[in-house]
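Worksheet: one structure, shown below.
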Amino acid sequence: MPAPEVDLLSPMLNQQGDTWTADFRGLKLRTALQPIYSISHKRTVGYEALIRAFDNDNSAVLPLHLFELPDSEAENLLLDRLCRYLHIRNYSGIKDQLNWLFLNVSPRVVTSGSQSDSFFGALLKKTGLPPHRIVMEIVEQPTDDAERLKDTVAYYRDLGCLIAIDDFGAGHSNFERIWNLSPDIVKLDRTLLTRALEDQRARHILNGMVTLLHQSGCLVLLEGVETRDQAMIAIDAGVDFVQGFYFRRPCLEFEELPHALADLDELLLEYKKRKRITQDPTQQLVSFFRTPFHRATEKLQLGQRMELACFELLNHPTVSRCYLVDNKGVQITDTLVSDATVRNQDPRFLPLENTASADWFRQQYLRQALAQPDNLHVTTPYLCVTGAYMCVTLSLAYQCQGELKVLCCDILANAHQTP
């Protein structure tokens with residue numbers, strides 16, 4: 001038997017043709033669906049359900065104003081459940097029998113209801129929508145009862161639903177909630193995208209955040225994509241899914257949904273072209289420095305001092321420093337620093353300058369060089385710990401007196417075009 005809460009809400013819903021509406025405080029509520037696209041699949045994989053409210057004159061009422069109407073926790077919970085009931089009713093009638101339905105729910109609403117109540121399970125049973133097609137979005141808002149929230153999320157997960165955290169990267173969001181709730185999907189707030197468009201550092205942070213979330217076992221969705229440039233940033237960041245006005249606005253007419261296609265083929269083709277262009281300078285670095293590197297290692301094998309062997313390298317205007325490392329990753333000699341680098345040293349980072357006996361084994365460029373001797377390797381730009389600036393490192397391992405040694409050379413990242 002359906003739970004009493006479902007029976008209580010049913011009279012508030014009205015069917016008009018193939019769609020449903022709901023009545024609340026004199027307003028007519030409707031469902032709008034916005035497609036969510038998988039970049040790799042190049043197609044729709046789900047829809048976010050959004051509530052739209054209209055007054056008696058059919059004028060739109062802002063969702064913010066709608067959710068300010070409840071004057072008690074009980075009515076707030078009723079409105080939340082009514083919206084979910086309406087969305088599921090509408091989505092159940094769509095022919096799409098594969099993709100996800102994303103439903104928003106506030107942590108405050110989640111924790112104000114009884115975790116053990118059967119409203120949502122009864123609702124799915126009544127409408128016939130399988131729980132594995134539901135993604136419950138927990139909006140990034142503070143809650144005074146983290147354990148209650150965790151238990152309620154577990155309730156939805158036990159039903160068979162997926163869990164998403166919404167608006168991550170803004171306001172109260174932090175990785176503590178990721179660890180506590182173990183979401184299946186994390187939706188990044190659009191402010192991360194707008195900052196990444198304006199600031200290269202923010203773009204690196206966005207890319208790093210996506211990597212961390214993937215390592216945490218979460219799929220990543222970037223919402224609020226409104227321009228082509230923002231779409232390209234999303235693709236480059238490695239997110240799994242995208243959503244936003246650039247691809248498709250929320251739609252009240254469900255028959256249009258099968259035609260909500262995004263030209264991801266064209267975007268991915270542009271991305272590949274950009275990558276080929278931006279990878280060329282890195283390959284040019286390898287081509288340009290291969291001969292000077294081999295000359296330097298040959299001189300080192302003959303017993304010449306580092307200063308003489310690396311003279312040609314160190315006098316190149318883009319090179320900041322050269323250093324020699326043994327097969328265990330430990331630096332053998334003092335670092336040779338170019339005159340230009342010495343002149344431009346930031347005194348705030350002087351404690352990091354002396355790298356005698358430093359252990360660089362954790363660095364990928366060192367391990368790659370040791371694994372493939374006599375091949376010149378180049379990194380992508382990274383933050384150099386010796387001066388807290390962005391650099392690219394070239395490394396080459398060679399045999400000397402029966403042991404592998406690695407000659408390393410740092411190049412300022414802003415001295416050339418990088419990927």
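Residue names in the structure tokens use chain letters A, B, ... in the order shown, residue numbers from 1 in each chain, and ligand numbers from 1 in the order shown.
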Just list as JSON, numbers by chain whatever in stretch 169-204 of chain A DSSP marks as helix (DSSP H, G or I). {"A": [175, 176, 177, 178, 179, 180, 181, 190, 191, 192, 193, 194, 195, 196, 197, 198, 200, 201, 202, 203, 204]}
Selection export as a compact mmCIF listing (two decimals), in the first residue's frame, atoms kept: C-alpha atoms:
```
# COMPACT_ATOMS: atom_id res chain seq x y z
CA PHE A 175 36.05 17.23 0.72
CA GLU A 176 34.76 16.30 4.17
CA ARG A 177 31.33 15.78 2.64
CA ILE A 178 32.87 13.67 -0.14
CA TRP A 179 34.47 11.39 2.43
CA ASN A 180 31.34 11.21 4.60
CA LEU A 181 28.77 10.60 1.85
CA ARG A 190 29.77 27.07 -12.26
CA THR A 191 31.88 29.64 -10.37
CA LEU A 192 34.84 27.29 -10.83
CA LEU A 193 34.25 27.47 -14.56
CA THR A 194 33.97 31.26 -14.74
CA ARG A 195 37.17 31.66 -12.71
CA ALA A 196 38.98 29.14 -14.90
CA LEU A 197 38.02 31.23 -17.93
CA GLU A 198 39.62 34.34 -16.40
CA GLN A 200 45.09 30.23 -15.69
CA ARG A 201 45.81 29.27 -12.07
CA ALA A 202 42.11 28.65 -11.47
CA ARG A 203 42.11 26.46 -14.56
CA HIS A 204 44.92 24.34 -13.13
```
Residues at most 12 Å from A:Phe120, counting only C-alpha atoms, excluding those fewer than 6 positions away in the same chain, as a VMD selection string? chain A and resid 2 to 6 80 to 85 88 103 105 110 113 to 114 126 to 131 134 136 152 155 to 161
Just the selected residues (C-alpha atoms), exported as a short mmCIF file (atom, residue, chain, number, x, y, z; two decimals), in the first residue's frame, please.
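The resulting file, part07.cif, is shown below:
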```cif
data_model
loop_
_atom_site.label_atom_id
_atom_site.label_comp_id
_atom_site.auth_asym_id
_atom_site.auth_seq_id
_atom_site.Cartn_x
_atom_site.Cartn_y
_atom_site.Cartn_z
CA PRO A 2 1.28 3.53 -0.78
CA ALA A 3 2.44 5.54 2.21
CA PRO A 4 -0.07 8.10 3.58
CA GLU A 5 2.21 10.96 2.46
CA VAL A 6 1.89 9.85 -1.17
CA ASP A 80 10.00 19.36 -1.46
CA ARG A 81 8.08 16.09 -1.70
CA LEU A 82 5.46 17.60 -3.98
CA CYS A 83 8.18 18.73 -6.41
CA ARG A 84 9.79 15.30 -6.45
CA TYR A 85 6.39 13.62 -6.90
CA ILE A 88 8.81 11.60 -11.19
CA LEU A 103 16.40 15.32 -8.38
CA VAL A 105 17.04 17.81 -2.32
CA VAL A 110 16.66 15.46 4.13
CA GLY A 113 12.28 14.03 7.66
CA SER A 114 12.45 10.60 9.18
CA LYS A 126 3.49 3.96 -7.30
CA THR A 127 4.95 5.55 -10.43
CA GLY A 128 6.89 2.47 -11.58
CA LEU A 129 10.16 4.38 -12.06
CA PRO A 130 13.15 2.11 -11.24
CA PRO A 131 15.34 3.55 -8.45
CA ILE A 134 17.28 8.28 -10.02
CA MET A 136 19.52 12.24 -5.71
CA THR A 152 19.39 9.39 4.96
CA TYR A 155 18.55 5.14 2.76
CA TYR A 156 18.42 6.42 -0.82
CA ARG A 157 21.44 4.34 -1.76
CA ASP A 158 19.80 1.22 -0.26
CA LEU A 159 16.75 1.92 -2.42
CA GLY A 160 19.07 1.65 -5.42
CA CYS A 161 19.44 5.36 -6.27
#
```
Separation of atom CA of A:Glu298 and atom CA of A:Leu336, in Å?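 It comes out at 17.9 Å.
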DSSP on the backbone, strand (DSSP E or B) only: what residues of stretch 99-303 of chain A does that give? Format it as a PyMOL selection string. chain A and resi 100-105+134-139+162-168+185-188+219-222+241-242+251
With C-alpha atoms retained, export the selected residues as a PDB file, in the first residue's frame.
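Written file, out-v9.pdb:
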```pdb
ATOM      1  CA  TRP A 100      18.978   9.192 -15.284  1.00  0.00           C
ATOM      2  CA  LEU A 101      16.650  11.680 -13.621  1.00  0.00           C
ATOM      3  CA  PHE A 102      18.514  14.113 -11.322  1.00  0.00           C
ATOM      4  CA  LEU A 103      16.396  15.317  -8.378  1.00  0.00           C
ATOM      5  CA  ASN A 104      17.452  18.148  -6.060  1.00  0.00           C
ATOM      6  CA  VAL A 105      17.035  17.810  -2.325  1.00  0.00           C
ATOM      7  CA  ILE A 134      17.280   8.282 -10.024  1.00  0.00           C
ATOM      8  CA  VAL A 135      20.210  10.504  -9.011  1.00  0.00           C
ATOM      9  CA  MET A 136      19.522  12.244  -5.706  1.00  0.00           C
ATOM     10  CA  GLU A 137      21.342  15.601  -5.676  1.00  0.00           C
ATOM     11  CA  ILE A 138      22.330  16.831  -2.226  1.00  0.00           C
ATOM     12  CA  VAL A 139      22.649  20.611  -2.508  1.00  0.00           C
ATOM     13  CA  LEU A 162      22.689   7.106  -7.154  1.00  0.00           C
ATOM     14  CA  ILE A 163      23.923   9.971  -4.978  1.00  0.00           C
ATOM     15  CA  ALA A 164      25.270  13.287  -6.252  1.00  0.00           C
ATOM     16  CA  ILE A 165      26.613  16.338  -4.425  1.00  0.00           C
ATOM     17  CA  ASP A 166      25.491  19.556  -6.096  1.00  0.00           C
ATOM     18  CA  ASP A 167      27.273  22.951  -6.310  1.00  0.00           C
ATOM     19  CA  PHE A 168      30.603  21.527  -5.138  1.00  0.00           C
ATOM     20  CA  ILE A 185      28.624  11.915  -8.930  1.00  0.00           C
ATOM     21  CA  VAL A 186      29.923  15.374  -7.968  1.00  0.00           C
ATOM     22  CA  LYS A 187      28.481  18.427  -9.708  1.00  0.00           C
ATOM     23  CA  LEU A 188      31.001  21.277  -9.798  1.00  0.00           C
ATOM     24  CA  LEU A 219      32.199  10.829 -11.635  1.00  0.00           C
ATOM     25  CA  VAL A 220      32.328  14.585 -12.282  1.00  0.00           C
ATOM     26  CA  LEU A 221      29.699  16.851 -13.862  1.00  0.00           C
ATOM     27  CA  LEU A 222      30.391  20.501 -14.687  1.00  0.00           C
ATOM     28  CA  PHE A 241      29.454  15.147 -17.935  1.00  0.00           C
ATOM     29  CA  VAL A 242      28.400  18.676 -18.896  1.00  0.00           C
ATOM     30  CA  CYS A 251      12.693  22.373 -21.469  1.00  0.00           C
TER      31      CYS A 251
END
```
Near A:Tyr37, counting only C-alpha atoms, which residues have an atom at most 10 Å away, once you skip same-chain residues fewer than 6 positions from it, shown as a PyMOL selection string? chain A and resi 43-47+221+240-244+247-248+260-262+264
Counting only C-alpha atoms, what is within 9 Å of A:Ile94, bar same-chain residues fewer than 6 positions away, as a VMD selection string? chain A and resid 18 254 to 255
Selection file, C-alpha atoms, as a compact mmCIF listing (two decimals), in the first residue's frame:
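Printed below is again-v2.txt as written:
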```
# COMPACT_ATOMS: atom_id res chain seq x y z
CA ASP A 18 0.82 13.72 -21.33
CA PHE A 254 9.10 16.94 -23.23
CA GLU A 255 8.47 15.93 -26.83
```
Sort by chain and increasing residue number a table of all residues of stretch 376-409 of chain A within 12 Å of stretch 286-292 of chain A, each with its closest pair of atoms and their distance in Å to one decimal, counting only C-alpha atoms, and write it as JSON lines.
```
{"residue": "A:Leu376", "atom": "CA", "partner": "A:Arg290", "partner_atom": "CA", "distance": 6.5}
{"residue": "A:His377", "atom": "CA", "partner": "A:Val286", "partner_atom": "CA", "distance": 7.2}
{"residue": "A:Val378", "atom": "CA", "partner": "A:Val286", "partner_atom": "CA", "distance": 6.9}
{"residue": "A:Thr379", "atom": "CA", "partner": "A:Val286", "partner_atom": "CA", "distance": 10.3}
{"residue": "A:Val392", "atom": "CA", "partner": "A:Val286", "partner_atom": "CA", "distance": 11.3}
{"residue": "A:Thr393", "atom": "CA", "partner": "A:Val286", "partner_atom": "CA", "distance": 10.5}
{"residue": "A:Leu394", "atom": "CA", "partner": "A:Val286", "partner_atom": "CA", "distance": 7.8}
{"residue": "A:Ser395", "atom": "CA", "partner": "A:Val286", "partner_atom": "CA", "distance": 9.9}
{"residue": "A:Leu396", "atom": "CA", "partner": "A:Arg290", "partner_atom": "CA", "distance": 9.2}
{"residue": "A:Leu407", "atom": "CA", "partner": "A:Pro292", "partner_atom": "CA", "distance": 11.6}
{"residue": "A:Cys408", "atom": "CA", "partner": "A:Phe289", "partner_atom": "CA", "distance": 11.7}
{"residue": "A:Cys409", "atom": "CA", "partner": "A:Phe289", "partner_atom": "CA", "distance": 10.0}
```
To one decimal in Å, tell me the separation between atom CA of A:Leu412 and atom CA of A:Gln283. 15.8 Å
Measuring between only C-alpha atoms, which one of A:Asn327, A:Ser216, A:Gln15, A:Ser357 shows the shortest distance to A:Gly402? A:Asn327
Let me make sure I understand: among A:Thr335, A:Gln34, A:Thr21, A:Gln368, which one has the smallest atom-to-atom distance to A:Arg249 if we use only C-alpha atoms?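 The closest residue to A:Arg249 is A:Gln34.
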Closest of A:Leu350, A:Ala53, A:Ile39, A:Leu9 to A:Leu252 - atom-to-atom distances counting only C-alpha atoms: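 Closest residue, counting only C-alpha atoms: A:Ala53.
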Got a sec: who's within 10 Å of A:Leu62, counting only C-alpha atoms, leaving out chain neighbours fewer than 6 positions off, as a list in words? Ile51, Arg52, Ala53 and Phe54 of chain A
Report, in Å to a single decimal, how far apart atom CA of A:Leu383 and atom CA of A:Asn354 are.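 Computed distance, atom CA of A:Asn354 to atom CA of A:Leu383, equals 16.7 Å.
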Best match for closeness to A:Tyr389 among A:Leu366, A:Ile235, A:Ala413, A:Val342, counting only C-alpha atoms: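 The shortest atom-to-atom distance to A:Tyr389 comes from A:Ala413.
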Using only C-alpha atoms, determine which residues lie at most 10 Å from A:Met390, disregarding the query and same-chain residues fewer than 6 positions distant; provide the list as a ChimeraX atom specification. /A:380-384,410-414
